[in-house]
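One structure below.
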2 protein chains.
Amino acid sequence: MVDYSTSIDVIFRALGEPTRLRMVQELSRGERTVGDLAAPLDMTLAGASKHVGVLEQAGLLTREKRGRERVCRLRSEALHAASEWTAKYSAFWNDRLDALEAAIREENDD
Amino acid sequence: MVDYSTSIDVIFRALGEPTRLRMVQELSRGERTVGDLAAPLDMTLAGASKHVGVLEQAGLLTREKRGRERVCRLRSEALHAASEWTAKYSAFWNDRLDALEAAIREENDD
DNA sequence: GCTATAATCAACCATAAGGTTTAGTATTTC
DNA sequence: GAAATACTAAACCTTATGGTTGATTATAGC
């Protein structure tokens, strides 16, 4: 059982590893087996499997058993949560400028 | 001199640490000295300073010397870059569904 | 000028993280 | 059913990370 209500820092930490970032990029092009993901990475299958586990824990992908393969599929929810979070905090500056302008206008009205 | 053209995984890694995530949230409310950031974290000033350094390296904030204090200010660019990235990859699934639907429609037209 | 304060630097320590190898479990294929 | 394939699990190793302390620098305040 996997927890899909991952906290945002776990998602960021998972994406903060270059290898895993590449995996996510690869998965955005379609579903991939663990072997597919390992192939271009110059890494053992066991190593890749561990990375996939981290991404799964972070809620970034699902792993489905299909025959002897495990098919990985990206989950948009976690990425969307990360997108929302960063969008919220990247907007802070504009908000501050807006507030500043408003304050200046108010001051001039006095 | 700080490199502001940080690669995306460095930004994610910086945000993947709970303490640093809290610092960013705190900074979104306004500029803060390193001491301000350290205070609520039950951590030495030296420790907080190191975290601030990581955030600065990732391009997430700037540190300005003002008297004997260092004033930290969030930089929206890095957060925006992260937002763009996650938005792009969180959209993958809808794109795939759209493509799938289009393919089905086309097939029905034959 | 002395003392206190804010922060960084350097050295160090414990634990986490990224990787490997070796085994082991299903599943496919012949 | 034997052999190959795809993967996971566990043990292990090395390095990175997150934290500390102690010393040092720069500024503020009396």
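Labels for the structure tokens follow display order: chains A, B, ..., residues from 1 in each chain, ligands from 1.
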DSSP strand (DSSP E or B) residues within range 30-106 of chain B, as a VMD selection string: chain B and resid 32 to 33 61 to 66 69 to 74
Restricting the output to N, CA and C atoms, write the selected residues as an mmCIF file, in the first residue's frame.
```cif
data_model
loop_
_atom_site.group_PDB
_atom_site.id
_atom_site.type_symbol
_atom_site.label_atom_id
_atom_site.label_comp_id
_atom_site.auth_asym_id
_atom_site.auth_seq_id
_atom_site.Cartn_x
_atom_site.Cartn_y
_atom_site.Cartn_z
ATOM 1 N N ARG B 32 13.955 38.478 5.580
ATOM 2 C CA ARG B 32 14.312 37.998 6.910
ATOM 3 C C ARG B 32 15.833 37.929 7.038
ATOM 4 N N THR B 33 16.341 38.215 8.224
ATOM 5 C CA THR B 33 17.764 38.002 8.453
ATOM 6 C C THR B 33 17.986 36.510 8.721
ATOM 7 N N LEU B 61 17.229 32.462 -3.225
ATOM 8 C CA LEU B 61 17.218 33.701 -2.456
ATOM 9 C C LEU B 61 18.498 34.478 -2.668
ATOM 10 N N THR B 62 18.473 35.738 -2.267
ATOM 11 C CA THR B 62 19.682 36.552 -2.267
ATOM 12 C C THR B 62 19.973 36.963 -0.837
ATOM 13 N N ARG B 63 21.265 37.126 -0.537
ATOM 14 C CA ARG B 63 21.691 37.534 0.791
ATOM 15 C C ARG B 63 22.367 38.885 0.649
ATOM 16 N N GLU B 64 21.872 39.858 1.346
ATOM 17 C CA GLU B 64 22.455 41.190 1.267
ATOM 18 C C GLU B 64 22.982 41.607 2.628
ATOM 19 N N LYS B 65 24.208 42.094 2.634
ATOM 20 C CA LYS B 65 24.809 42.527 3.888
ATOM 21 C C LYS B 65 24.239 43.888 4.277
ATOM 22 N N ARG B 66 23.702 43.973 5.466
ATOM 23 C CA ARG B 66 23.155 45.244 5.940
ATOM 24 C C ARG B 66 23.588 45.380 7.391
ATOM 25 N N GLU B 69 23.997 42.392 9.951
ATOM 26 C CA GLU B 69 23.014 41.366 9.587
ATOM 27 C C GLU B 69 23.090 41.042 8.100
ATOM 28 N N ARG B 70 22.559 39.872 7.737
ATOM 29 C CA ARG B 70 22.418 39.518 6.326
ATOM 30 C C ARG B 70 20.938 39.374 6.053
ATOM 31 N N VAL B 71 20.449 40.196 5.178
ATOM 32 C CA VAL B 71 19.025 40.168 4.868
ATOM 33 C C VAL B 71 18.774 39.253 3.674
ATOM 34 N N CYS B 72 17.888 38.282 3.865
ATOM 35 C CA CYS B 72 17.561 37.329 2.809
ATOM 36 C C CYS B 72 16.250 37.707 2.150
ATOM 37 N N ARG B 73 16.257 37.575 0.829
ATOM 38 C CA ARG B 73 15.073 37.919 0.062
ATOM 39 C C ARG B 73 14.827 36.810 -0.958
ATOM 40 N N LEU B 74 13.608 36.343 -1.044
ATOM 41 C CA LEU B 74 13.277 35.272 -1.977
ATOM 42 C C LEU B 74 13.427 35.771 -3.415
#
```
Contacts of DC12 in chain C at 12 Å (only C-alpha atoms (C1' of nucleotides); same-chain gap of 3+ positions) as a VMD selection string: chain D and resid 19 to 22
Exercise answer, chain B residues close to chain A, 10 Å and only C-alpha atoms, as an NGL selection string: :B and (7-22 or 24-25 or 27-30 or 60 or 73-96)
8 Å contacts from chain A to chain D using only C-alpha atoms (C1' of nucleotides), as JSON, numbers by chain: {"A": [34, 35, 45, 46, 49, 68, 69, 70]}
Written selection (C-alpha atoms) as a PDB file, in the first residue's frame:
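Output file out-v4.pdb follows:
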```
ATOM      1  CA  VAL A  34      11.851  -0.707 -14.688  1.00  0.00           C
ATOM      2  CA  GLY A  35      14.237  -2.208 -17.223  1.00  0.00           C
ATOM      3  CA  LEU A  45      18.485  -2.958 -12.407  1.00  0.00           C
ATOM      4  CA  ALA A  46      18.576  -3.095  -8.617  1.00  0.00           C
ATOM      5  CA  SER A  49      14.454  -0.306  -8.873  1.00  0.00           C
ATOM      6  CA  ARG A  68       7.333 -10.569 -15.023  1.00  0.00           C
ATOM      7  CA  GLU A  69       7.686  -6.894 -15.772  1.00  0.00           C
ATOM      8  CA  ARG A  70       6.699  -3.866 -13.691  1.00  0.00           C
TER       9      ARG A  70
END
```
Contact residues (chain C, partner chain A, 7 Å, only C-alpha atoms (C1' of nucleotides)) as a list in words: DG19, DA26 and DT27 of chain C
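Our summary of the geometry notes that CA of Gln57 in chain B is positioned 17.0 Å from CA of Leu37 in chain B.
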